[in-house]
Structure formats: structure tokens, C-alpha cells
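As provided, work-v3.tsv (TSV, C-alpha atoms) reads as follows.
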chain	number	residue	atom	x	y	z
G	1	MET	CA	129.79	-40.76	206.90
G	2	LYS	CA	131.96	-40.13	203.85
G	3	GLN	CA	128.87	-39.18	201.78
G	4	ILE	CA	127.77	-36.66	204.43
G	5	SER	CA	131.25	-35.11	204.46
G	6	ILE	CA	131.24	-34.81	200.67
G	7	LEU	CA	127.75	-33.25	200.76
G	8	ILE	CA	128.81	-30.69	203.39
G	9	VAL	CA	131.92	-29.74	201.38
G	10	ALA	CA	129.84	-29.42	198.21
G	11	MET	CA	127.30	-27.19	199.97
G	12	PHE	CA	130.08	-24.99	201.39
G	13	MET	CA	131.66	-24.65	197.95
G	14	ALA	CA	128.30	-23.68	196.42
G	15	VAL	CA	127.70	-20.99	199.05
G	16	THR	CA	131.22	-19.65	198.59
G	17	ALA	CA	130.78	-19.56	194.81
G	18	PHE	CA	127.50	-17.63	195.12
G	19	ALA	CA	129.11	-15.04	197.39
G	20	GLN	CA	131.87	-14.51	194.85
G	21	GLU	CA	129.66	-13.52	191.89
G	22	GLY	CA	129.73	-9.77	192.57
G	23	LYS	CA	133.44	-9.91	193.30
G	24	GLU	CA	134.10	-11.79	190.06
G	25	LEU	CA	132.24	-9.18	187.99
G	26	TYR	CA	134.13	-6.45	189.81
G	27	ASN	CA	137.52	-8.12	189.27
G	28	LYS	CA	136.76	-8.84	185.61
G	29	TYR	CA	135.83	-5.26	184.68
G	30	SER	CA	137.52	-2.90	187.15
G	31	GLY	CA	140.57	-1.22	185.70
G	32	LYS	CA	139.33	-1.45	182.12
G	33	GLU	CA	138.94	1.57	179.88
G	34	GLY	CA	135.63	3.34	180.51
G	35	VAL	CA	134.94	1.58	183.82
G	36	SER	CA	134.71	3.23	187.24
G	37	ALA	CA	134.83	0.78	190.13
G	38	VAL	CA	134.28	1.01	193.89
G	39	TYR	CA	134.60	-1.73	196.50
G	40	ILE	CA	133.35	-1.22	200.05
G	41	SER	CA	134.75	-3.82	202.40
G	42	PRO	CA	133.16	-5.50	205.43
G	43	THR	CA	135.61	-3.49	207.57
G	44	MET	CA	134.13	-0.24	206.27
G	45	PHE	CA	130.62	-1.45	207.04
G	46	GLU	CA	131.75	-2.33	210.56
G	47	MET	CA	133.01	1.24	210.95
G	48	ILE	CA	129.77	2.85	209.76
G	49	LYS	CA	127.34	0.68	211.69
G	50	GLN	CA	126.67	3.53	214.09
G	51	ILE	CA	125.35	5.81	211.34
G	52	PRO	CA	122.35	7.83	212.55
G	53	ASP	CA	118.98	8.01	210.82
G	54	ILE	CA	119.03	10.04	207.65
G	55	GLU	CA	116.50	12.79	207.00
G	56	LEU	CA	115.11	12.67	203.46
G	57	GLU	CA	112.66	15.39	202.44
G	58	GLY	CA	111.24	15.69	205.94
G	59	GLU	CA	111.05	11.92	206.45
G	60	SER	CA	113.32	9.96	208.75
G	61	LEU	CA	114.65	6.76	207.22
G	62	ASN	CA	116.67	4.39	209.39
G	63	ILE	CA	119.29	2.87	207.13
G	64	GLY	CA	121.57	2.03	210.05
G	65	GLU	CA	119.78	-1.28	210.60
G	66	LEU	CA	120.14	-2.09	206.92
G	67	ILE	CA	123.82	-1.19	206.79
G	68	LYS	CA	124.54	-3.40	209.81
G	69	THR	CA	123.69	-6.41	207.66
G	70	PHE	CA	126.04	-5.54	204.77
G	71	GLU	CA	129.13	-7.68	204.31
G	72	GLY	CA	130.51	-6.11	201.12
G	73	MET	CA	129.55	-3.96	198.16
G	74	TYR	CA	130.88	-3.88	194.60
G	75	ILE	CA	129.95	-1.01	192.28
G	76	LEU	CA	130.74	-0.76	188.58
G	77	ASN	CA	129.87	2.11	186.25
G	78	ILE	CA	130.60	1.24	182.65
G	79	GLU	CA	130.70	3.86	179.89
G	80	ASN	CA	132.10	1.63	177.16
G	81	GLY	CA	129.37	0.26	174.87
G	82	GLU	CA	131.14	-3.02	174.10
G	83	LEU	CA	131.74	-3.70	177.78
G	84	CYS	CA	128.16	-2.65	178.60
G	85	SER	CA	126.82	-5.41	176.35
G	86	GLU	CA	129.26	-7.91	177.86
G	87	VAL	CA	128.36	-6.98	181.45
G	88	GLU	CA	124.63	-7.17	180.68
G	89	LYS	CA	125.19	-10.64	179.21
G	90	ASN	CA	127.15	-11.71	182.31
G	91	VAL	CA	124.38	-10.51	184.63
G	92	GLU	CA	121.74	-12.24	182.49
G	93	GLU	CA	123.73	-15.48	182.82
G	94	LEU	CA	123.86	-15.11	186.61
G	95	VAL	CA	120.13	-14.46	186.79
G	96	GLY	CA	119.45	-17.28	184.32
G	97	LYS	CA	120.90	-19.79	186.76
G	98	GLY	CA	117.68	-19.35	188.76
G	99	ARG	CA	119.19	-18.31	192.08
G	100	TYR	CA	118.23	-14.64	191.82
G	101	LYS	CA	114.62	-13.49	192.16
G	102	LEU	CA	113.43	-10.31	190.50
G	103	LEU	CA	112.54	-7.77	193.18
G	104	MET	CA	111.89	-4.78	190.96
G	105	GLU	CA	111.97	-3.71	187.33
G	106	ALA	CA	111.57	-0.16	186.01
G	107	MET	CA	111.78	1.00	182.41
G	108	ASP	CA	111.56	4.45	180.89
G	109	GLY	CA	112.32	4.57	177.18
G	110	GLY	CA	115.79	3.06	176.75
G	111	ASP	CA	116.59	3.34	180.47
G	112	ARG	CA	115.94	0.38	182.73
G	113	VAL	CA	116.62	-0.86	186.23
G	114	HIS	CA	116.44	-4.45	187.45
G	115	ILE	CA	116.94	-5.34	191.10
G	116	TYR	CA	117.36	-8.95	192.12
G	117	ILE	CA	117.76	-10.64	195.49
G	118	VAL	CA	118.86	-14.02	196.73
G	119	GLN	CA	117.01	-15.43	199.72
G	120	ASP	CA	118.05	-18.16	202.09
G	121	GLY	CA	114.85	-18.84	204.02
G	122	ASP	CA	113.92	-15.60	205.80
G	123	THR	CA	117.29	-13.98	205.06
G	124	VAL	CA	118.32	-11.91	202.06
G	125	THR	CA	121.95	-12.76	201.28
G	126	ASP	CA	122.58	-10.89	198.04
G	127	PHE	CA	121.31	-7.90	196.10
G	128	LEU	CA	122.15	-7.33	192.46
G	129	MET	CA	121.14	-4.20	190.56
G	130	LEU	CA	121.65	-3.63	186.86
G	131	ALA	CA	120.76	-0.17	185.57
G	132	GLY	CA	121.42	1.79	182.43
G	133	GLU	CA	120.67	2.40	178.81
G	134	ALA	CA	120.24	-0.37	176.28
G	135	ALA	CA	123.79	-0.61	174.95
G	136	GLN	CA	123.40	-3.39	172.34
G	137	GLY	CA	126.94	-2.86	171.08
G	138	GLN	CA	126.68	0.94	170.89
G	139	THR	CA	129.72	2.98	171.84
G	140	ASP	CA	127.75	5.44	173.99
G	141	GLY	CA	125.76	3.11	176.26
G	142	THR	CA	126.16	3.19	180.04
G	143	VAL	CA	125.51	0.47	182.59
G	144	ALA	CA	125.82	0.40	186.37
G	145	VAL	CA	126.03	-2.78	188.43
G	146	ILE	CA	125.77	-2.84	192.20
G	147	SER	CA	126.27	-6.10	194.06
G	148	ILE	CA	125.78	-6.28	197.83
G	149	SER	CA	126.45	-9.26	200.08
G	150	ALA	CA	124.39	-9.12	203.26
G	151	ARG	CA	122.65	-11.12	205.98
G	152	MET	CA	119.39	-9.18	206.24
G	153	ALA	CA	116.17	-10.55	207.66
G	154	ILE	CA	113.44	-10.25	205.02
G	155	SER	CA	111.33	-8.51	207.68
G	156	GLU	CA	113.92	-5.69	207.87
G	157	LEU	CA	113.78	-5.25	204.10
G	158	GLN	CA	109.98	-5.15	204.27
G	159	LYS	CA	110.11	-2.48	206.99
G	160	LEU	CA	112.52	-0.38	204.94
G	161	LEU	CA	110.38	-0.68	201.81
G	162	ALA	CA	107.22	0.17	203.76
G	163	SER	CA	108.81	3.28	205.29
G	164	ALA	CA	110.11	4.37	201.87
G	165	MET	CA	106.62	4.00	200.35
G	166	GLN	CA	104.92	6.23	202.95
Structure translated into C-alpha cells:
Amino acid sequence: MKQISILIVAMFMAVTAFAQEGKELYNKYSGKEGVSAVYISPTMFEMIKQIPDIELEGESLNIGELIKTFEGMYILNIENGELCSEVEKNVEELVGKGRYKLLMEAMDGGDRVHIYIVQDGDTVTDFLMLAGEAAQGQTDGTVAVISISARMAISELQKLLASAMQ
């Protein structure tokens, strides 16, 4: 019985640690020179759950169902080359742990976007996006990081992606 209790506590601590990654990046870099930061709380997502469909270029896209699954969002925009390199390294370390799966990668010259997700069975629990210019220690690089905690069924993500591709 003691071993089961220890295992349950260890699993809970691991899940809690994973949920804190976006928050840790946010707390580490928000307030620093050249960093813009935004946090959207679960309370805000509760308030906007009734958002109607949004019309985009003549197409209706239902993001209300997606937003209902959000539990928190952390956004960082870094315009300090040294910090850009540091943030990129931090994100690479997170991804290197093997928990995140690459969902999408786009590159155009020095600009790139990587979107990662974390799945727990048929549920997406985390999104992590890293976008920007290759900073590599330059003073003029920019990087954006968006981290979203959610409880979204993978089928809902597939529906959203399918409707966006039409």
C-alpha cells in the first residue's frame, strides 16, 4: 500500500511539474528589459466561453469549442537578442525531454515557427509555440513563445484543423 501511495504522489508531482513549464518560462522572463508578457487566466477563459463563431474571410470558424478547453495561456514576446537565445535554449530543453511532440514546423529564410503539443491519450493538454528570427546572440533578434494549458479532445483539434484547411 505504501508503494502505491508513493507512486500516486510521484505521478501527481510529475503532472503538476509539466503544467508549470509555461508558467516558469513566463515568470523567468516577464518584467525583463525587451520582454512583453501577457497571462490569460482560467477565470478569463471561463468568462469568454460563450464567444460566438468568428467570421474569417467569408468562412465561419468555431473557436468557442476550442476556447472552452483552455485552462491558461502565457505569451512572451522577446526583443532582446541575448534573451532570445536563452529562451530558445530553454524551449529546446523542454522539447528535448521527449514529452512534447512536434505538430508543425514552418521556416522562411531566418523566420521559423515550431508548434508542439503534449497528449495524454486522446486529450491534448499543452501547446507550445516558438516563433521568431534566428537570434544566435544577435541584439536585434525577436522570439515569441505561447504556452497554452488545455484539456482538448484530439478530435476537436482535428475538426478545427480540418475546417481551417478548407
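Nearest-residue note for Ser36 in chain G: choosing from G:Ile67, G:Ile117, G:Val143, G:Met107, the minimum distance belongs to G:Val143, counting all atoms listed in the file.
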State, in Å with one decimal place, the distance from CA of Glu93 in chain G to CA of Ile148 in chain G.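 Value for the CA of Glu93 in chain G-CA of Ile148 in chain G distance: 17.7 Å.
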Distance CA of Glu71 in chain G-CA of Ser41 in chain G, one decimal place? 7.1 Å
Write out as a list of chain:residue names each polymer residue whose atoms come within 9 Å of range 43-45 of chain G, counting only C-alpha atoms; drop sequence neighbours fewer than 4 positions from it. G:Lys49, G:Ile67, G:Lys68, G:Thr69, G:Phe70, G:Glu71, G:Gly72
Fewer than 6 positions away in the same chain doesn't count, so skip those; otherwise give me all residues within 12 Å of Asp120 in chain G, counting only C-alpha atoms, as a ChimeraX atom specification. /G:15,18,99-101,126,150-154
Could you tell me how far CA of Glu33 in chain G sits from CA of Tyr74 in chain G, in Å to one decimal place? 17.6 Å
Rank nothing, just name the residue among G:Gly96, G:Glu88, G:Val38, G:Ser147 nearest to Ile115 in chain G, using all atoms listed in the file.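 Of all the options, G:Ser147 lies closest to Ile115 in chain G.
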For each of G:Glu21, G:Asp108, G:Glu79, G:Asp122, take the minimum atom-to-atom distance to Ala37 in chain G, counting only C-alpha atoms, then give the residue where this is smallest.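 Checking each candidate against Ala37 in chain G, we get G:Glu79 as the closest.
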Of G:Met47, G:Val118, G:Val113, G:Leu83, the one sitting nearest Ala131 in chain G when using only C-alpha atoms is G:Val113
List the neighbours of Gly22 in chain G out to 12 Å using all atoms listed in the file; skip same-chain residues closer than 3 positions along the sequence, and give me the result as a ChimeraX atom specification. /G:16-19,25-30,37-40,71-76,87,90-91,94,126-130,145-150
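Of the residues listed (G:Pro42, G:Ser155, G:Leu161, G:Glu24), G:Leu161 shows the shortest atom-to-atom separation from Leu103 in chain G; distances use all atoms listed in the file.
The environment of Gly132 in chain G within 8 Å, counting all atoms listed in the file and disregarding residues fewer than 6 places along the same chain, consists of Asp111, Arg112, Val113, Gly141, Thr142, Val143 and Ala144 of chain G.
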